[in-house]
file data-v8.csv (CSV, C-alpha atoms and all ligand atoms)
chain,number,residue,atom,x,y,z
O,282,MET,CA,30.0,133.9,97.2
O,283,ARG,CA,29.0,137.5,97.7
O,284,VAL,CA,30.8,140.5,99.3
O,285,ALA,CA,29.6,144.0,99.9
O,286,VAL,CA,31.8,146.7,98.5
O,287,ALA,CA,30.7,150.3,99.2
O,288,ASP,CA,27.0,150.2,98.4
O,289,CYS,CA,27.4,147.5,95.8
O,290,TRP,CA,27.7,143.7,95.6
O,291,LEU,CA,30.6,141.7,94.1
O,292,GLU,CA,29.5,138.1,93.4
O,293,LEU,CA,31.1,135.0,92.2
O,294,CYS,CA,29.3,132.1,90.7
O,295,GLU,CA,30.0,129.1,88.5
O,296,GLY,CA,28.1,128.9,85.2
O,297,ASP,CA,27.6,130.0,81.6
O,298,ILE,CA,27.5,133.8,81.2
O,299,THR,CA,25.2,133.6,78.2
O,300,GLN,CA,22.4,132.5,80.5
O,301,GLN,CA,22.7,135.5,82.8
O,302,ALA,CA,19.8,138.0,83.0
O,303,VAL,CA,21.6,141.3,83.7
O,304,ASP,CA,21.8,144.7,82.2
O,305,LEU,CA,25.2,144.2,80.6
O,306,ILE,CA,27.3,141.1,79.8
O,307,VAL,CA,31.1,141.6,79.4
O,308,ASN,CA,32.6,139.6,76.6
O,309,ALA,CA,36.3,138.5,76.4
O,310,ALA,CA,36.9,139.8,72.9
O,311,ASN,CA,39.9,140.3,70.6
O,312,SER,CA,41.1,143.6,69.3
O,313,TYR,CA,39.8,143.0,65.8
O,314,LEU,CA,36.3,142.3,67.3
O,315,ARG,CA,36.3,139.1,65.2
O,316,ILE,CA,34.1,136.3,66.3
O,317,GLY,CA,36.4,133.9,68.1
O,318,GLY,CA,36.1,130.9,70.3
O,319,GLY,CA,35.6,130.6,74.1
O,320,VAL,CA,33.1,132.9,75.7
O,321,ASP,CA,33.2,135.2,72.7
O,322,GLY,CA,31.9,132.4,70.4
O,323,ALA,CA,29.3,131.5,72.9
O,324,ILE,CA,28.0,135.1,73.3
O,325,HIS,CA,27.7,135.5,69.5
O,326,ARG,CA,26.0,132.1,69.1
O,327,GLN,CA,23.4,132.8,71.7
O,328,GLY,CA,23.0,136.6,70.9
O,329,GLY,CA,22.8,136.1,67.2
O,330,PRO,CA,24.1,138.1,64.2
O,331,ALA,CA,22.9,141.5,65.5
O,332,ILE,CA,25.9,141.8,67.9
O,333,HIS,CA,28.6,141.5,65.2
O,334,ALA,CA,26.6,143.6,62.8
O,335,ASP,CA,26.6,146.4,65.5
O,336,THR,CA,30.3,146.2,66.4
O,337,ALA,CA,31.3,146.0,62.7
O,338,ARG,CA,29.3,149.2,61.9
O,339,ARG,CA,30.3,151.2,65.0
O,340,TYR,CA,33.9,150.0,65.6
O,341,PRO,CA,35.5,149.2,62.1
O,342,ASP,CA,38.9,149.7,63.6
O,343,GLY,CA,38.3,147.3,66.5
O,344,CYS,CA,39.2,148.0,70.1
O,345,PRO,CA,42.6,148.4,71.6
O,346,THR,CA,43.9,145.8,74.1
O,347,GLY,CA,43.1,147.1,77.6
O,348,SER,CA,39.9,148.8,76.6
O,349,ALA,CA,36.3,147.9,75.8
O,350,VAL,CA,33.4,148.9,73.5
O,351,ILE,CA,29.7,148.5,73.9
O,352,SER,CA,27.1,146.9,71.6
O,353,THR,CA,23.6,145.6,71.5
O,354,ALA,CA,23.1,142.2,73.3
O,355,GLY,CA,21.0,140.8,70.4
O,356,GLN,CA,18.9,137.9,71.7
O,357,LEU,CA,20.7,137.6,75.1
O,358,ALA,CA,18.8,138.4,78.2
O,359,ALA,CA,20.7,141.6,78.6
O,360,ARG,CA,20.6,145.2,77.2
O,361,TYR,CA,24.2,145.5,76.2
O,362,VAL,CA,27.4,143.5,75.7
O,363,ALA,CA,30.7,145.2,76.5
O,364,HIS,CA,33.5,143.7,74.4
O,365,ALA,CA,36.5,143.9,76.6
O,366,VAL,CA,39.9,143.1,75.2
O,367,GLY,CA,42.3,141.6,77.7
O,368,PRO,CA,46.0,140.9,77.0
O,369,GLN,CA,47.6,137.7,75.8
O,370,TRP,CA,49.9,136.4,78.5
O,371,ASN,CA,53.5,136.8,77.7
O,372,GLY,CA,55.2,136.0,81.0
O,373,GLY,CA,54.3,139.3,82.6
O,374,ARG,CA,56.7,141.2,80.3
O,375,ASN,CA,54.1,143.2,78.3
O,376,ASN,CA,52.2,145.2,81.0
O,377,GLU,CA,49.6,142.5,81.2
O,378,ALA,CA,48.3,143.4,84.6
O,379,GLU,CA,47.6,147.0,83.7
O,380,LEU,CA,46.0,146.0,80.4
O,381,LEU,CA,43.8,143.5,82.1
O,382,ALA,CA,42.8,146.1,84.7
O,383,GLY,CA,42.1,148.6,81.9
O,384,ALA,CA,39.8,146.2,80.1
O,385,TYR,CA,37.7,145.7,83.3
O,386,ARG,CA,37.7,149.4,84.1
O,387,ARG,CA,36.5,150.5,80.7
O,388,ALA,CA,33.8,147.8,80.7
O,389,LEU,CA,32.5,149.1,84.0
O,390,GLU,CA,32.7,152.7,82.9
O,391,LEU,CA,30.5,151.8,79.9
O,392,ALA,CA,28.1,150.0,82.2
O,393,VAL,CA,27.8,153.2,84.4
O,394,GLU,CA,27.5,155.5,81.3
O,395,HIS,CA,24.6,153.3,80.1
O,396,GLU,CA,22.9,153.2,83.5
O,397,CYS,CA,23.4,149.5,84.0
O,398,GLN,CA,22.7,148.2,87.5
O,399,ALA,CA,23.7,144.6,87.1
O,400,VAL,CA,26.8,143.4,85.2
O,401,ALA,CA,28.1,139.9,84.5
O,402,THR,CA,31.7,139.3,83.5
O,403,PRO,CA,33.8,136.2,82.6
O,404,ALA,CA,37.4,135.7,83.7
O,405,ILE,CA,38.9,137.8,80.9
O,406,SER,CA,42.2,136.5,79.4
O,407,THR,CA,42.3,133.2,81.3
O,408,GLY,CA,41.3,131.0,78.4
O,409,VAL,CA,42.9,131.3,74.9
O,410,TYR,CA,45.0,134.2,76.1
O,411,GLY,CA,46.7,132.1,78.8
O,412,TYR,CA,46.8,134.5,81.7
O,413,PRO,CA,47.6,132.5,84.9
O,414,LEU,CA,44.4,131.9,86.8
O,415,ASN,CA,45.5,133.0,90.3
O,416,GLU,CA,47.2,136.2,89.0
O,417,ALA,CA,44.3,137.1,86.7
O,418,ALA,CA,41.9,136.6,89.7
O,419,ARG,CA,43.9,139.0,91.9
O,420,VAL,CA,44.2,141.7,89.3
O,421,SER,CA,40.6,141.4,88.1
O,422,LEU,CA,39.0,141.4,91.5
O,423,ARG,CA,41.2,144.2,92.8
O,424,THR,CA,40.3,146.3,89.8
O,425,VAL,CA,36.6,145.7,90.3
O,426,ILE,CA,36.7,146.4,94.0
O,427,ASP,CA,38.6,149.6,93.4
O,428,PHE,CA,36.1,150.7,90.8
O,429,LEU,CA,33.1,150.0,93.1
O,430,THR,CA,34.8,151.7,96.0
O,431,THR,CA,35.3,154.9,94.2
O,432,GLN,CA,32.3,155.0,91.8
O,433,LYS,CA,29.8,153.2,94.0
O,434,ARG,CA,28.2,151.7,90.8
O,435,PRO,CA,27.1,149.4,89.2
O,436,GLU,CA,25.0,147.8,92.0
O,437,ILE,CA,26.1,144.3,91.2
O,438,VAL,CA,29.2,142.9,89.4
O,439,ARG,CA,29.0,139.1,89.1
O,440,PHE,CA,31.9,137.1,87.9
O,441,VAL,CA,30.4,134.1,86.1
O,442,LEU,CA,33.2,131.4,86.1
O,443,PHE,CA,32.9,128.6,83.6
O,444,ASN,CA,34.4,125.7,85.6
O,445,ALA,CA,35.3,124.6,89.2
O,446,GLU,CA,39.0,125.4,88.8
O,447,THR,CA,38.3,129.0,87.8
O,448,PHE,CA,35.7,129.4,90.5
O,449,ALA,CA,38.1,128.1,93.1
O,450,ALA,CA,40.9,130.5,92.0
O,451,TYR,CA,38.6,133.6,92.1
O,452,SER,CA,37.0,132.5,95.4
O,453,ASN,CA,40.4,132.1,97.0
O,454,ALA,CA,41.7,135.4,95.7
O,455,LEU,CA,38.5,137.2,96.9
O,456,ALA,CA,38.9,135.6,100.3
O,457,GLU,CA,42.4,136.9,100.5
O,458,ILE,CA,41.5,140.4,99.3
O,459,SER,CA,38.3,140.7,101.3
O,460,PRO,CA,38.2,138.3,104.2
O,461,PRO,CA,34.6,137.2,105.2
O,462,GLY,CA,33.1,139.5,107.9
O,463,LYS,CA,35.0,142.6,106.9
K,1,LIG,N1,30.6,131.5,80.2
K,1,LIG,C1,31.5,132.0,81.1
K,1,LIG,N2,32.8,131.8,80.9
K,1,LIG,C2,33.2,131.1,79.8
K,1,LIG,C3,32.3,130.6,78.8
K,1,LIG,C4,30.9,130.9,79.1
K,1,LIG,N3,30.0,130.4,78.2
K,1,LIG,N4,33.0,130.0,77.9
K,1,LIG,C5,34.3,130.1,78.2
K,1,LIG,N5,34.4,130.8,79.4
K,1,LIG,P1,38.3,132.9,76.6
K,1,LIG,P2,40.4,135.0,76.6
K,1,LIG,C6,35.6,131.1,80.2
K,1,LIG,O1,39.3,131.9,75.9
K,1,LIG,O2,41.3,134.1,77.3
K,1,LIG,C7,38.4,134.3,71.9
K,1,LIG,O3,38.6,133.6,70.7
K,1,LIG,C8,36.9,130.3,80.0
K,1,LIG,O4,36.9,129.1,80.7
K,1,LIG,O5,36.9,132.9,76.2
K,1,LIG,O6,40.2,136.4,77.0
K,1,LIG,C9,38.3,135.8,71.6
K,1,LIG,O7,37.8,136.1,70.3
K,1,LIG,C10,37.9,131.3,80.5
K,1,LIG,O8,38.0,131.2,82.0
K,1,LIG,O9,38.9,134.4,76.5
K,1,LIG,C11,39.8,136.2,71.7
K,1,LIG,O10,40.4,136.0,70.5
K,1,LIG,C12,37.3,132.7,80.2
K,1,LIG,O11,36.0,132.5,79.8
K,1,LIG,C13,40.3,135.3,72.8
K,1,LIG,O12,39.4,134.1,72.8
K,1,LIG,C14,38.1,133.4,79.1
K,1,LIG,O13,38.5,132.5,78.1
K,1,LIG,C15,40.2,135.9,74.1
K,1,LIG,O14,40.8,135.0,75.1
call {"tool": "encode", "arguments": {"input": "data-v8.csv", "output": "structure tokens"}}
result
Amino acid sequence: MRVAVADCWLELCEGDITQQAVDLIVNAANSYLRIGGGVDGAIHRQGGPAIHADTARRYPDGCPTGSAVISTAGQLAARYVAHAVGPQWNGGRNNEAELLAGAYRRALELAVEHECQAVATPAISTGVYGYPLNEAARVSLRTVIDFLTTQKRPEIVRFVLFNAETFAAYSNALAEISPPGK
């Protein structure tokens, strides 16, 4: 699924983000930038130790929730990884939507600052952090669409969704936000 936004493309596909050949891969990290499970574990496994060595050296204090930091992509087929820290879901009582939006926005700003044309991102916060899928999909897609509309970069933002349920939730949300043909 692919929709045009300003001069850019927003794409959804099902798959493993570590196999993406893009300029920048977004990671769903924790604020300590410790190697965790989920997509974070997969990115560090595939990318090798250079990624953690880089973040440990450059960001010893970690990264606040709702923001992102950039590192080398090690052996991944990308130039950079943006470690974006989404919120843990707490029933919507902890400003989760704004924090999730902030994580995406900062990752996209880093992509633009580093002249990245193609970006792949996972569904941040929807795994270990427990953000309800449909709500995460709406907030995440809205944030990316707003960014592309105002900044007109990067050229491609591709959500790489790990299973059919996540792909369906993001596809449905995108169809609601941006009906086909518009
Ligand atoms: N490619 C794409 N998506 C994936 C992959 C993959 N290889 N593997 C998992 N996902 P999660 P969070 C999906 O838990 O909720 C880590 O321990 C997964 O199905 O990776 O933001 C960090 O260190 C889900 O849809 O991230 C943090 O401590 C989405 O990626 C914490 O988890 C996000 O799930 C962050 O939790």
call {"tool": "closest_atom_pairs", "arguments": {"input": "data-v8.csv", "of": "chain O", "to": "ligand LIG 1 (chain K)", "cutoff": "6 Å", "atoms": "all atoms listed in the file", "output": "CSV"}}
result
residue,atom,partner,partner_atom,distance
O:Asp297,CA,K:LIG1,N1,3.6
O:Ile298,CA,K:LIG1,N1,4.0
O:Thr299,CA,K:LIG1,N3,5.8
O:Ala309,CA,K:LIG1,O6,4.5
O:Ala310,CA,K:LIG1,C9,4.4
O:Asn311,CA,K:LIG1,C11,4.2
O:Ile316,CA,K:LIG1,O7,5.5
O:Gly317,CA,K:LIG1,O7,3.4
O:Gly318,CA,K:LIG1,O3,3.7
O:Gly319,CA,K:LIG1,O5,3.4
O:Val320,CA,K:LIG1,N4,3.6
O:Asp321,CA,K:LIG1,C9,5.3
O:Ala323,CA,K:LIG1,N3,5.5
O:Gly367,CA,K:LIG1,O6,5.7
O:Pro403,CA,K:LIG1,N2,4.8
O:Ala404,CA,K:LIG1,C12,4.6
O:Ile405,CA,K:LIG1,O6,4.3
O:Ser406,CA,K:LIG1,O6,3.1
O:Thr407,CA,K:LIG1,O2,4.2
O:Gly408,CA,K:LIG1,O13,3.2
O:Val409,CA,K:LIG1,O1,3.8
O:Tyr410,CA,K:LIG1,O2,3.9
O:Gly411,CA,K:LIG1,O2,6.0
O:Val441,CA,K:LIG1,C1,5.5
O:Leu442,CA,K:LIG1,N2,5.2
O:Phe443,CA,K:LIG1,N2,4.2
call {"tool": "residues_around", "arguments": {"input": "data-v8.csv", "residues": "O:Cys397", "least_positions_apart": "2", "cutoff": "12 Å", "atoms": "all atoms listed in the file", "output": "tab-separated table (two decimals) with C-alpha atoms, in the coordinates of the input"}}
result
chain	number	residue	atom	x	y	z
O	303	VAL	CA	21.60	141.30	83.70
O	304	ASP	CA	21.80	144.70	82.20
O	305	LEU	CA	25.20	144.20	80.60
O	306	ILE	CA	27.30	141.10	79.80
O	307	VAL	CA	31.10	141.60	79.40
O	351	ILE	CA	29.70	148.50	73.90
O	359	ALA	CA	20.70	141.60	78.60
O	360	ARG	CA	20.60	145.20	77.20
O	361	TYR	CA	24.20	145.50	76.20
O	362	VAL	CA	27.40	143.50	75.70
O	363	ALA	CA	30.70	145.20	76.50
O	388	ALA	CA	33.80	147.80	80.70
O	389	LEU	CA	32.50	149.10	84.00
O	390	GLU	CA	32.70	152.70	82.90
O	391	LEU	CA	30.50	151.80	79.90
O	392	ALA	CA	28.10	150.00	82.20
O	393	VAL	CA	27.80	153.20	84.40
O	394	GLU	CA	27.50	155.50	81.30
O	395	HIS	CA	24.60	153.30	80.10
O	399	ALA	CA	23.70	144.60	87.10
O	400	VAL	CA	26.80	143.40	85.20
O	401	ALA	CA	28.10	139.90	84.50
O	434	ARG	CA	28.20	151.70	90.80
O	435	PRO	CA	27.10	149.40	89.20
O	436	GLU	CA	25.00	147.80	92.00
O	437	ILE	CA	26.10	144.30	91.20
O	438	VAL	CA	29.20	142.90	89.40
call {"tool": "residues_around", "arguments": {"input": "data-v8.csv", "residues": "stretch 415-429 of chain O", "least_positions_apart": "4", "cutoff": "6 Å", "atoms": "only C-alpha atoms", "output": "PDB file with C-alpha atoms, in the frame of the given file"}}
result
ATOM      1  CA  ALA O 382      42.800 146.100  84.700  1.00  0.00           C
ATOM      2  CA  LYS O 433      29.800 153.200  94.000  1.00  0.00           C
ATOM      3  CA  ARG O 434      28.200 151.700  90.800  1.00  0.00           C
ATOM      4  CA  ALA O 450      40.900 130.500  92.000  1.00  0.00           C
ATOM      5  CA  TYR O 451      38.600 133.600  92.100  1.00  0.00           C
ATOM      6  CA  ALA O 454      41.700 135.400  95.700  1.00  0.00           C
TER       7      ALA O 454
END
call {"tool": "residues_near_point", "arguments": {"input": "data-v8.csv", "point": "(42.9, 146.7, 70.3)", "cutoff": "10 Å", "atoms": "all atoms listed in the file", "output": "PyMOL selection string"}}
result
chain O and resi 310-314+342-349+365-368
call {"tool": "residues_around", "arguments": {"input": "data-v8.csv", "residues": "O:Arg283", "least_positions_apart": "6", "cutoff": "8 Å", "atoms": "only C-alpha atoms", "output": "compact mmCIF listing (two decimals) with C-alpha atoms, in the frame of the given file"}}
result
# COMPACT_ATOMS: atom_id res chain seq x y z
CA TRP O 290 27.70 143.70 95.60
CA LEU O 291 30.60 141.70 94.10
CA GLU O 292 29.50 138.10 93.40
CA LEU O 293 31.10 135.00 92.20
call {"tool": "closest_residue", "arguments": {"input": "data-v8.csv", "among": "O:Pro413, O:Phe448, O:Gln301, O:Ala384", "to": "O:Gly372", "atoms": "all atoms listed in the file"}}
result
O:Pro413
call {"tool": "closest_residue", "arguments": {"input": "data-v8.csv", "among": "O:Leu455, O:Ala337, O:Ala358, O:Ala445", "to": "O:Gln300", "atoms": "all atoms listed in the file"}}
result
O:Ala358
call {"tool": "atom_distance", "arguments": {"input": "data-v8.csv", "atom1": "atom CA of O:Gln369", "atom2": "atom CA of O:Tyr412"}}
result
6.8 Å
call {"tool": "atom_distance", "arguments": {"input": "data-v8.csv", "atom1": "atom CA of O:Arg439", "atom2": "atom CA of O:Arg386"}}
result
14.4 Å
call {"tool": "atom_distance", "arguments": {"input": "data-v8.csv", "atom1": "atom CA of O:Pro341", "atom2": "atom CA of O:His364"}}
result
13.6 Å
call {"tool": "residues_around", "arguments": {"input": "data-v8.csv", "residues": "O:Gly355", "least_positions_apart": "5", "cutoff": "7 Å", "atoms": "only C-alpha atoms", "output": "VMD selection string"}}
result
chain O and resid 328 to 329 331 to 332
call {"tool": "build_atoms", "arguments": {"input": "data-v8.csv", "residues": "stretch 401-412 of chain O", "atoms": "N, CA, C and O atoms", "output": "CSV table (one decimal), keeping the file's coordinate frame"}}
result
chain,number,residue,atom,x,y,z
O,401,ALA,N,27.5,141.2,84.4
O,401,ALA,CA,28.1,139.9,84.5
O,401,ALA,C,29.4,139.9,83.7
O,401,ALA,O,29.4,140.4,82.6
O,402,THR,N,30.4,139.3,84.2
O,402,THR,CA,31.7,139.3,83.5
O,402,THR,C,32.3,137.9,83.6
O,402,THR,O,32.2,137.3,84.6
O,403,PRO,N,33.0,137.5,82.6
O,403,PRO,CA,33.8,136.2,82.6
O,403,PRO,C,35.2,136.6,83.2
O,403,PRO,O,35.5,137.7,83.4
O,404,ALA,N,36.0,135.5,83.3
O,404,ALA,CA,37.4,135.7,83.7
O,404,ALA,C,38.2,136.0,82.5
O,404,ALA,O,38.8,135.1,81.9
O,405,ILE,N,38.3,137.3,82.1
O,405,ILE,CA,38.9,137.8,80.9
O,405,ILE,C,40.4,137.3,80.9
O,405,ILE,O,41.1,137.3,81.9
O,406,SER,N,40.8,136.9,79.7
O,406,SER,CA,42.2,136.5,79.4
O,406,SER,C,42.6,135.1,80.0
O,406,SER,O,43.8,134.7,79.7
O,407,THR,N,41.8,134.4,80.7
O,407,THR,CA,42.3,133.2,81.3
O,407,THR,C,42.0,132.0,80.5
O,407,THR,O,42.4,130.8,80.9
O,408,GLY,N,41.5,132.1,79.3
O,408,GLY,CA,41.3,131.0,78.4
O,408,GLY,C,42.4,131.0,77.3
O,408,GLY,O,43.6,130.7,77.6
O,409,VAL,N,41.9,131.2,76.1
O,409,VAL,CA,42.9,131.3,74.9
O,409,VAL,C,44.1,132.2,75.2
O,409,VAL,O,45.2,131.9,74.8
O,410,TYR,N,43.9,133.3,75.9
O,410,TYR,CA,45.0,134.2,76.1
O,410,TYR,C,45.9,133.8,77.2
O,410,TYR,O,47.0,134.5,77.4
O,411,GLY,N,45.7,132.7,77.9
O,411,GLY,CA,46.7,132.1,78.8
O,411,GLY,C,47.1,132.8,80.0
O,411,GLY,O,48.2,132.5,80.6
O,412,TYR,N,46.4,133.8,80.5
O,412,TYR,CA,46.8,134.5,81.7
O,412,TYR,C,46.7,133.5,82.9
O,412,TYR,O,45.6,132.9,83.1
